[in-house]
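Trainee: This is the structure, below, for whatever I ask next.
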Amino acid sequence: MQQELLIAIFTGLGAMLGWGFADFFAKKTIDRVGSIVSLVWAHLFGTLAFSLIALYQSVVIGQQLSIPTDMAGWGLLIFFGVLQALIYLLVYIGFGKGQLAVLNPVFASYSGLAALLSITLLGEKVSASILLAVAVIFGGILLLNLDSQALRSRRLNLIHIPGLKEIGLAVILAAIWTVSWDQFVGGKDWLTYALFMYIFMTLTAVIISKLQRVNLGVVKPHLWKFLILIGLGEVIAYSAISLGFSVTSFTSIIAVLSGAFSLPTIILAHIFLKERVSSIQRAGTFIIIAGIVILSMRN
């Protein structure tokens, strides 16, 4: 059990770092080429990286890939890929309509909702100390994504916030995707299943770009490295979360830790882009670290 807990912690942190790095590098591309172009090219590079890893495992290591043999399995892989692509699209639409500072903490709540669903509906068994740590980390995530100026705004109307409907729907779908992916990939070949899910997600993103008639050829040469790094970050995140879900039963820990991806993004933006870190974000950072310490000290 202790080894399983450590795997859950490390895979959750791996997903957090992967998505955090991807979001940081996305800052370099989205404002220049748009969210859809960034999404498509980053996922194409991610698909290539995933495929090379699977090829290395099959040819060099000699470990056979476990490919679904039934239509239901393939149908679910398509479902998870399409759903995740739609979640990305909803988030981009929501952020495009409203204030990032207001909507960020709303979207960040998906990890807590996923943990709640896993514990209450799916019967995940957690001790009091783990439940405390998960609650602490989730509280830190919300603080990390809050903006003090947005909180002080007296004109903030929670009912009529632009983009809230899209972000709210994305929160629900992301939580459902997380707990459902955990149930689906549990005990299976996590790498192969993550690969095919990611392929279907990429294909969906390409189809969306075609339907919206987005010009994918607008990327300048100096931006390619950032798109590649976004894809690599995504591969790390989906590999980590799929590995954790496959070999452990600590869904809530992995979901909440992976949902703290804003932490590395904020730290990197502060170091390299000189972005200001508010006192609320500092408090959120320390609270998340405290929650991780509580998890790691559990006997």
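Each chain in the structure tokens gets a letter, A, B and so on, in the order shown; residues start at 1 in every chain, and ligands are counted from 1 in the order they appear.
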Would you mind listing what lies within 7 Å of stretch 202-208 of chain A as a VMD selection string, with only C-alpha atoms counted and same-chain residues fewer than 3 positions away left out?
Mentor: chain A and resid 40 43 to 44 82 85 198 to 199 211 to 212
Trainee: Can you pull out every residue within 7 Å of A:Leu144, counting only C-alpha atoms, but drop anything in the same chain fewer than 3 positions away, and send it as a list in words?
Mentor: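 Close residues of A:Leu144: Gly140, Ile141, Ile280, Gln281, Gly284 and Thr285 of chain A.
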Trainee: Of the candidates A:Gln183, A:Ser279, A:Ser129, A:Thr178, which one gets nearest to A:Gly291 if we count only C-alpha atoms?
Mentor: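 Distance minimum relative to A:Gly291 lands on A:Ser129.
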Trainee: Report, in Å to a single decimal, how far apart atom CA of A:Leu132 and atom CA of A:Pro105 are.
Mentor: 20.3 Å
Trainee: So, with only C-alpha atoms as the atoms that count, which of A:Ser209, A:Thr29, A:Ser296, A:Ser262 lies closest to A:Ile130?
Mentor: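 Once distances to A:Ile130 are computed over only C-alpha atoms, the minimum belongs to A:Ser296.
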Trainee: Looking only at alpha helix (DSSP H) from DSSP on the backbone, list the matching residues of stretch 85-246 of chain A as a PyMOL selection string.
Mentor: chain A and resi 85-97+100-108+110-120+128-145+148-152+164-185+190-211+224-246
Trainee: Just the number, please: distance in Å from atom CA of A:Ile53 to atom CA of A:Ala240, one decimal.
Mentor: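 Computing the Euclidean distance for atom CA of A:Ile53 and atom CA of A:Ala240 yields 13.5 Å.
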Trainee: Return the single residue from A:Ala15, A:Leu76, A:Ala260, A:Val219 that is closest to A:Ser180, with distances computed using only C-alpha atoms.
Mentor: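 Using only C-alpha atoms, A:Ser180 sits closest to A:Leu76.
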Trainee: For A:Gly81, work out the shell of residues within 6 Å, counting only C-alpha atoms and skipping chain neighbours fewer than 2 positions away, then give it as a ChimeraX atom specification.
Mentor: /A:78-79,83-84,197-198,200-201
Trainee: With N, CA, C and O atoms kept, could you save the residues just selected as an mmCIF file, in the first residue's frame?
Mentor:
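Heads up, here's the output in selection_10.cif:
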data_model
loop_
_atom_site.group_PDB
_atom_site.id
_atom_site.type_symbol
_atom_site.label_atom_id
_atom_site.label_comp_id
_atom_site.auth_asym_id
_atom_site.auth_seq_id
_atom_site.Cartn_x
_atom_site.Cartn_y
_atom_site.Cartn_z
ATOM 1 N N ILE A 78 -11.954 6.187 -28.625
ATOM 2 C CA ILE A 78 -12.394 7.312 -29.460
ATOM 3 C C ILE A 78 -13.171 8.318 -28.609
ATOM 4 O O ILE A 78 -12.966 9.531 -28.706
ATOM 5 N N PHE A 79 -14.051 7.791 -27.744
ATOM 6 C CA PHE A 79 -14.847 8.654 -26.877
ATOM 7 C C PHE A 79 -13.959 9.520 -25.983
ATOM 8 O O PHE A 79 -14.163 10.736 -25.880
ATOM 9 N N LEU A 83 -13.731 13.526 -26.319
ATOM 10 C CA LEU A 83 -14.170 14.299 -25.159
ATOM 11 C C LEU A 83 -13.077 15.235 -24.658
ATOM 12 O O LEU A 83 -13.340 16.407 -24.350
ATOM 13 N N GLN A 84 -11.848 14.746 -24.600
ATOM 14 C CA GLN A 84 -10.760 15.599 -24.116
ATOM 15 C C GLN A 84 -10.504 16.759 -25.061
ATOM 16 O O GLN A 84 -10.231 17.884 -24.616
ATOM 17 N N MET A 197 -5.677 7.001 -27.261
ATOM 18 C CA MET A 197 -6.559 8.077 -26.830
ATOM 19 C C MET A 197 -6.039 9.420 -27.322
ATOM 20 O O MET A 197 -6.795 10.260 -27.825
ATOM 21 N N TYR A 198 -4.727 9.616 -27.224
ATOM 22 C CA TYR A 198 -4.106 10.875 -27.645
ATOM 23 C C TYR A 198 -4.210 11.048 -29.155
ATOM 24 O O TYR A 198 -4.422 12.168 -29.641
ATOM 25 N N PHE A 200 -6.640 9.926 -31.092
ATOM 26 C CA PHE A 200 -8.017 10.312 -31.397
ATOM 27 C C PHE A 200 -8.288 11.753 -30.955
ATOM 28 O O PHE A 200 -9.065 12.468 -31.605
ATOM 29 N N MET A 201 -7.654 12.187 -29.871
ATOM 30 C CA MET A 201 -7.787 13.580 -29.446
ATOM 31 C C MET A 201 -7.180 14.505 -30.494
ATOM 32 O O MET A 201 -7.759 15.553 -30.836
#
Trainee: Any idea what the distance is between atom CA of A:Val185 and atom CA of A:Ile167?
Mentor: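 Computing the Euclidean distance for atom CA of A:Val185 and atom CA of A:Ile167 yields 26.0 Å.
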Trainee: So that I can see what lies close to A:Glu234, please list as a PyMOL selection string the residues with an atom at most 9 Å from it, counting only C-alpha atoms and leaving out residues fewer than 6 positions away in the same chain.
Mentor: chain A and resi 15+18-19+21-22+42-43+46
Trainee: Which is closer to A:Ile236 than all the others in A:Leu117, A:Ile87, A:Ile7, A:Leu191, using only C-alpha atoms?
Mentor: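 Closest to A:Ile236 of all the choices is A:Leu191.
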Trainee: Pick out the residues sitting within 12 Å of A:Leu268, and hand them over as a list in words; count only C-alpha atoms, and ignore anything fewer than 3 positions along from it in its own chain.
Mentor: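 Counting only the stated atoms, we get Leu17, Gly20, Phe21, Ala22, Asp23, Phe24, Phe25, Lys27, Phe261, Ser262, Leu263, Pro264, Thr265, Ile271, Phe272, Leu273, Lys274, Glu275, Arg276 and Val277 of chain A.
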Trainee: Got time to write the residues from that selection, N, CA, C and O atoms, as a JSON list (two decimals), in the first residue's frame?
Mentor:
[["chain", "number", "residue", "atom", "x", "y", "z"],
["A", 17, "LEU", "N", 3.62, 18.48, -13.52],
["A", 17, "LEU", "CA", 4.75, 19.11, -14.19],
["A", 17, "LEU", "C", 4.57, 19.13, -15.71],
["A", 17, "LEU", "O", 4.87, 20.12, -16.37],
["A", 20, "GLY", "N", 1.94, 21.63, -16.55],
["A", 20, "GLY", "CA", 2.46, 22.94, -16.18],
["A", 20, "GLY", "C", 3.44, 23.47, -17.20],
["A", 20, "GLY", "O", 3.37, 24.64, -17.61],
["A", 21, "PHE", "N", 4.38, 22.61, -17.63],
["A", 21, "PHE", "CA", 5.35, 23.01, -18.66],
["A", 21, "PHE", "C", 4.64, 23.32, -19.98],
["A", 21, "PHE", "O", 4.98, 24.27, -20.67],
["A", 22, "ALA", "N", 3.64, 22.49, -20.32],
["A", 22, "ALA", "CA", 2.90, 22.70, -21.56],
["A", 22, "ALA", "C", 2.20, 24.05, -21.54],
["A", 22, "ALA", "O", 2.22, 24.80, -22.53],
["A", 23, "ASP", "N", 1.57, 24.39, -20.41],
["A", 23, "ASP", "CA", 0.88, 25.68, -20.30],
["A", 23, "ASP", "C", 1.85, 26.85, -20.37],
["A", 23, "ASP", "O", 1.54, 27.90, -20.95],
["A", 24, "PHE", "N", 3.03, 26.67, -19.79],
["A", 24, "PHE", "CA", 4.02, 27.74, -19.83],
["A", 24, "PHE", "C", 4.46, 28.02, -21.27],
["A", 24, "PHE", "O", 4.50, 29.18, -21.70],
["A", 25, "PHE", "N", 4.78, 26.98, -22.01],
["A", 25, "PHE", "CA", 5.22, 27.18, -23.39],
["A", 25, "PHE", "C", 4.07, 27.63, -24.28],
["A", 25, "PHE", "O", 4.29, 28.28, -25.31],
["A", 27, "LYS", "N", 2.09, 29.89, -23.53],
["A", 27, "LYS", "CA", 2.09, 31.35, -23.44],
["A", 27, "LYS", "C", 2.87, 31.97, -24.60],
["A", 27, "LYS", "O", 2.60, 33.10, -25.00],
["A", 261, "PHE", "N", -1.39, 21.92, -11.90],
["A", 261, "PHE", "CA", -0.45, 22.26, -12.97],
["A", 261, "PHE", "C", -0.14, 23.75, -13.06],
["A", 261, "PHE", "O", 0.84, 24.15, -13.69],
["A", 262, "SER", "N", -0.97, 24.57, -12.43],
["A", 262, "SER", "CA", -0.69, 26.02, -12.44],
["A", 262, "SER", "C", 0.57, 26.35, -11.65],
["A", 262, "SER", "O", 1.19, 27.39, -11.90],
["A", 263, "LEU", "N", 0.93, 25.49, -10.70],
["A", 263, "LEU", "CA", 2.09, 25.77, -9.86],
["A", 263, "LEU", "C", 3.38, 25.88, -10.67],
["A", 263, "LEU", "O", 4.06, 26.92, -10.59],
["A", 264, "PRO", "N", 3.78, 24.86, -11.46],
["A", 264, "PRO", "CA", 5.00, 25.03, -12.25],
["A", 264, "PRO", "C", 4.88, 26.13, -13.31],
["A", 264, "PRO", "O", 5.86, 26.79, -13.62],
["A", 265, "THR", "N", 3.65, 26.33, -13.84],
["A", 265, "THR", "CA", 3.46, 27.39, -14.83],
["A", 265, "THR", "C", 3.76, 28.75, -14.22],
["A", 265, "THR", "O", 4.47, 29.58, -14.81],
["A", 271, "ILE", "N", 10.07, 33.18, -13.10],
["A", 271, "ILE", "CA", 11.52, 33.12, -13.29],
["A", 271, "ILE", "C", 11.93, 33.66, -14.65],
["A", 271, "ILE", "O", 12.85, 34.49, -14.76],
["A", 272, "PHE", "N", 11.24, 33.21, -15.70],
["A", 272, "PHE", "CA", 11.71, 33.51, -17.05],
["A", 272, "PHE", "C", 10.97, 34.70, -17.70],
["A", 272, "PHE", "O", 11.54, 35.38, -18.56],
["A", 273, "LEU", "N", 9.72, 34.93, -17.32],
["A", 273, "LEU", "CA", 8.96, 36.02, -17.91],
["A", 273, "LEU", "C", 8.79, 37.19, -16.96],
["A", 273, "LEU", "O", 8.15, 38.18, -17.32],
["A", 274, "LYS", "N", 9.34, 37.04, -15.76],
["A", 274, "LYS", "CA", 9.29, 38.11, -14.74],
["A", 274, "LYS", "C", 7.86, 38.50, -14.39],
["A", 274, "LYS", "O", 7.59, 39.66, -14.06],
["A", 275, "GLU", "N", 6.92, 37.54, -14.46],
["A", 275, "GLU", "CA", 5.55, 37.83, -14.07],
["A", 275, "GLU", "C", 5.43, 37.88, -12.56],
["A", 275, "GLU", "O", 6.06, 37.10, -11.84],
["A", 276, "ARG", "N", 4.58, 38.78, -12.08],
["A", 276, "ARG", "CA", 4.43, 38.98, -10.65],
["A", 276, "ARG", "C", 3.64, 37.82, -10.02],
["A", 276, "ARG", "O", 2.67, 37.34, -10.60],
["A", 277, "VAL", "N", 4.08, 37.39, -8.84],
["A", 277, "VAL", "CA", 3.37, 36.38, -8.07],
["A", 277, "VAL", "C", 2.70, 37.08, -6.90],
["A", 277, "VAL", "O", 3.37, 37.72, -6.07]]
Trainee: Quick one: residues within 10 Å of stretch 65-69 of chain A, only C-alpha atoms counted, chain neighbours fewer than 6 positions away excluded, as a list in words?
Mentor: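 Here the qualifying residues turn out to be Ala54, Leu55, Gln57, Ser58, Gly75, Leu77, Lys188, Asp189, Trp190, Leu191, Thr192, Tyr193 and Phe196 of chain A.
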